[in-house]
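Reproduced below: structure-v7.txt, with compact mmCIF, C-alpha atoms.
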# COMPACT_ATOMS: atom_id res chain seq x y z
CA MET A 727 0.00 0.00 0.00
CA HIS A 728 1.29 3.44 -0.84
CA GLY A 729 -1.44 5.52 0.83
CA GLU A 730 -3.50 6.46 -2.20
CA ASP A 731 -4.99 3.06 -3.00
CA THR A 732 -8.75 3.09 -3.41
CA PRO A 733 -10.83 0.65 -1.35
CA GLN A 734 -11.59 -1.18 -4.61
CA GLN A 735 -7.87 -1.55 -5.38
CA CYS A 736 -7.19 -2.85 -1.87
CA TYR A 737 -10.12 -5.28 -2.03
CA ALA A 738 -9.00 -6.56 -5.44
CA ASP A 739 -5.42 -7.23 -4.29
CA ILE A 740 -5.62 -10.95 -3.54
CA VAL A 741 -2.05 -11.18 -2.23
CA LEU A 742 -2.57 -8.22 0.14
CA ASN A 743 -5.83 -9.65 1.44
CA ALA A 744 -4.29 -13.08 2.03
CA ARG A 745 -1.42 -11.49 4.01
CA ILE A 746 -3.83 -9.39 6.09
CA GLU A 747 -5.99 -12.43 6.83
CA ALA A 748 -2.99 -14.56 7.82
CA LEU A 749 -1.82 -11.80 10.16
CA ARG A 750 -5.34 -11.36 11.60
CA LEU A 751 -5.62 -15.07 12.36
CA ALA A 752 -2.12 -15.27 13.89
CA LEU A 753 -2.73 -12.22 16.08
CA SER A 754 -6.10 -13.59 17.19
CA SER A 755 -4.45 -16.75 18.40
CA ASP A 756 -1.70 -14.82 20.20
CA LEU A 757 -4.33 -12.59 21.86
CA GLY A 758 -6.37 -15.56 23.05
CA LEU A 759 -9.40 -14.66 20.92
CA GLY A 760 -9.83 -18.21 19.66
CA ASP A 761 -11.08 -19.06 16.18
CA VAL A 762 -12.09 -15.79 14.51
CA CYS A 763 -12.46 -17.09 10.95
CA ALA A 764 -16.17 -16.24 10.91
CA ARG A 765 -15.90 -13.15 13.17
CA ASN A 766 -15.66 -9.47 12.27
CA TYR A 767 -12.76 -8.93 14.67
CA PRO A 768 -10.00 -8.11 15.05
CA LYS A 769 -10.21 -5.30 12.55
CA MET A 770 -7.03 -4.50 10.64
CA THR A 771 -5.81 -1.07 9.57
CA LEU A 772 -2.88 -0.43 7.25
CA VAL A 773 -0.93 2.80 7.67
CA SER A 774 1.37 4.77 5.41
CA ALA A 775 2.79 8.26 5.11
CA PRO A 776 0.14 10.95 4.61
CA THR A 777 -0.76 11.82 1.02
CA ALA A 778 -3.43 14.53 1.38
CA GLY A 779 -2.10 16.99 3.96
CA GLY A 780 -2.96 14.94 7.04
CA SER A 781 -0.74 13.22 9.60
CA ILE A 782 -1.01 9.58 8.50
CA SER A 783 -2.89 7.63 5.82
CA THR A 784 -5.04 4.57 6.57
CA ARG A 785 -6.97 1.77 4.91
CA SER A 786 -9.24 -0.19 7.25
CA PHE A 787 -10.31 -3.80 6.71
CA ILE A 788 -13.33 -5.01 8.69
CA PRO A 789 -12.28 -7.81 8.37
CA HIS A 790 -12.19 -8.72 4.67
CA VAL A 791 -13.49 -5.55 3.06
CA CYS A 792 -11.54 -2.30 2.74
CA HIS A 793 -13.89 0.44 3.89
CA ASP A 794 -14.39 3.95 2.52
CA ALA A 795 -13.75 5.57 5.90
CA VAL A 796 -12.11 4.86 9.24
CA GLY A 797 -14.06 4.07 12.41
CA VAL A 798 -13.77 5.98 15.67
CA LEU A 799 -11.80 3.27 17.48
CA ALA A 800 -9.43 2.78 14.54
CA ALA A 801 -8.86 6.54 14.22
CA VAL A 802 -7.98 6.90 17.92
CA THR A 803 -5.80 3.78 17.79
CA VAL A 804 -3.92 4.96 14.70
CA ALA A 805 -3.50 8.49 16.11
CA THR A 806 -2.15 7.04 19.37
CA ALA A 807 0.31 4.79 17.51
CA ALA A 808 1.38 7.79 15.42
CA VAL A 809 2.65 9.64 18.51
CA LEU A 810 4.28 6.65 20.24
CA GLU A 811 8.00 6.50 19.51
CA GLY A 812 9.10 3.12 18.25
CA SER A 813 5.84 2.24 16.49
CA ILE A 814 5.64 1.71 12.75
CA ALA A 815 2.92 4.37 12.60
CA HIS A 816 5.25 6.87 14.29
CA GLU A 817 7.91 6.19 11.64
CA VAL A 818 5.61 7.22 8.76
CA ALA A 819 3.43 9.84 10.48
CA ARG A 820 3.73 13.59 10.74
CA ALA A 821 2.18 13.91 14.18
CA GLY A 822 3.89 17.06 15.44
CA GLU A 823 5.42 17.77 18.82
CA GLY A 824 4.26 18.79 22.27
CA ARG A 825 1.86 17.62 24.96
CA LEU A 826 -1.29 18.41 22.95
CA ARG A 827 -1.35 17.06 19.39
CA GLN A 828 -3.91 17.05 16.63
CA VAL A 829 -3.51 14.00 14.41
CA GLU A 830 -5.34 14.07 11.07
CA VAL A 831 -6.04 10.45 10.12
CA GLU A 832 -6.54 10.26 6.35
CA HIS A 833 -8.93 7.68 4.92
CA PRO A 834 -10.40 7.14 1.41
CA SER A 835 -13.33 9.54 1.93
CA GLY A 836 -11.55 12.29 3.88
CA ARG A 837 -9.88 12.89 7.23
CA PHE A 838 -10.75 12.21 10.85
CA ALA A 839 -9.18 14.62 13.36
CA VAL A 840 -8.13 13.25 16.74
CA GLU A 841 -6.71 15.44 19.50
CA LEU A 842 -4.38 13.65 21.92
CA GLY A 843 -3.07 14.75 25.29
CA LEU A 844 0.32 13.33 26.28
CA ASP A 845 1.88 13.21 29.73
CA ALA A 846 5.58 14.05 29.46
CA GLU A 847 6.20 12.87 33.02
CA ARG A 848 4.95 9.41 32.10
CA GLY A 849 7.18 8.89 29.07
CA GLY A 850 4.85 10.53 26.57
CA LYS A 851 1.94 8.25 27.45
CA VAL A 852 -1.37 9.24 25.85
CA VAL A 853 -3.71 10.23 28.69
CA ARG A 854 -6.67 11.57 26.75
CA ALA A 855 -8.17 11.55 23.27
CA GLY A 856 -10.84 13.74 21.75
CA LEU A 857 -12.63 13.43 18.43
CA LEU A 858 -12.72 16.71 16.58
CA ARG A 859 -14.94 15.90 13.60
CA THR A 860 -16.43 13.03 11.70
CA ALA A 861 -18.70 14.91 9.29
CA ARG A 862 -18.96 13.79 5.70
CA LEU A 863 -21.74 14.04 3.15
CA ILE A 864 -24.16 11.15 3.61
CA MET A 865 -27.19 12.39 1.66
CA ARG A 866 -28.14 14.88 -1.04
CA GLY A 867 -31.63 15.49 -2.36
CA GLU A 868 -34.16 17.83 -3.88
CA LEU A 869 -37.30 19.28 -2.37
CA MET A 870 -40.24 20.43 -4.52
CA ILE A 871 -42.01 23.48 -3.04
CA PRO A 872 -45.30 24.67 -4.55
CA ALA A 873 -45.26 28.19 -6.03
CA SER A 874 -48.01 29.21 -3.62
CA VAL A 875 -45.57 28.96 -0.72
CA TRP A 876 -43.33 31.59 -2.31
CA SER A 877 -46.14 33.93 -3.33
CA GLY A 878 -47.86 33.79 0.05
CA HIS A 879 -51.07 32.33 -1.36
CA THR A 880 -52.81 29.32 0.05
CA GLN A 881 -54.96 26.89 -1.82
Turn this file's structure into structure tokens for me.
Amino acid sequence: MHGEDTPQQCYADIVLNARIEALRLALSSDLGLGDVCARNYPKMTLVSAPTAGGSISTRSFIPHVCHDAVGVLAAVTVATAAVLEGSIAHEVARAGEGRLRQVEVEHPSGRFAVELGLDAERGGKVVRAGLLRTARLIMRGELMIPASVWSGHTQ
């Protein structure tokens, strides 16, 4: 993944999907989750360097379909990983500096802003997270209004 792949491209990549599924199953066993072959967890999120002005780019698989957006939990998890030194996400992210950081998590249909509070006295541990926005267009339509409404006449 290079950060600009569409969900359709990710879904169509058979090799990528097989690798993600093998990793999901191995992690599930290591985490004591049992047989998750028919479950929708754990969810997997791929990260890469940002491509659209954000802090980090993502593609989320839940579990076998690459989604058009990123969920709340995945956004907070990715943002947290982006500020934790030593993580793969931190290596590719542009997450800024300081105790209060805004991490813009890019996804195929936009960005999800997460604000993180870090405690310098506790080794940069994330102590709070806030969601700044999740808005995206979900509906568009037309409304027909009778001419009498505009002219002030009633029928």
Next item on the list: Find the residues near Gln828 in chain A: any atom within 8 Å, counting all atoms listed in the file, skip ones fewer than 5 places away on the same chain, and give them as a ChimeraX atom specification.
Entry: /A:821-822,839-842
Check: Which residues come within 9 Å of Leu759 in chain A, counting only C-alpha atoms, excluding same-chain residues fewer than 5 positions away, as a ChimeraX atom specification?
Finding: /A:753-754,768
Output as AutoDock Vina command-line options the centre and edge lengths (Å, one decimal) of the box along x, y and z of the file that holds every listed atom of range 732-741 of chain A after adding 4 Å on each side.
--center_x -6.8 --center_y -4.0 --center_z -3.4 --size_x 17.5 --size_y 22.3 --size_z 12.1
Check: Counting all atoms listed in the file, which residues come within 9 Å of (0.1, 9.3, 11.1), with the point read in the file's coordinates, and could you list them as a PyMOL selection string?
Finding: chain A and resi 773-776+780-784+804-809+815-821+829-832
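With only C-alpha atoms as the atoms that count, the residue of A:Arg785, A:Arg848, A:Arg827, A:His790 with the shortest distance to Cys763 in chain A is A:His790.
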Next item on the list: Kindly give the distance, in Å, that separates CA of Val796 in chain A and CA of Leu772 in chain A, rounded to a single decimal.
Entry: 10.8 Å
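Across the structure, CA of Leu858 in chain A and CA of Gly843 in chain A are spaced 13.1 Å apart.
CA of Tyr737 in chain A lies 21.7 Å from CA of Phe838 in chain A.
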Check: Is there a way to get, as a VMD selection string, all residues within 12 Å of the point (-3.2, 5.9, -4.9) in file coordinates, counting only C-alpha atoms?
Finding: chain A and resid 727 to 736 774 to 778 783 to 785 833 to 834
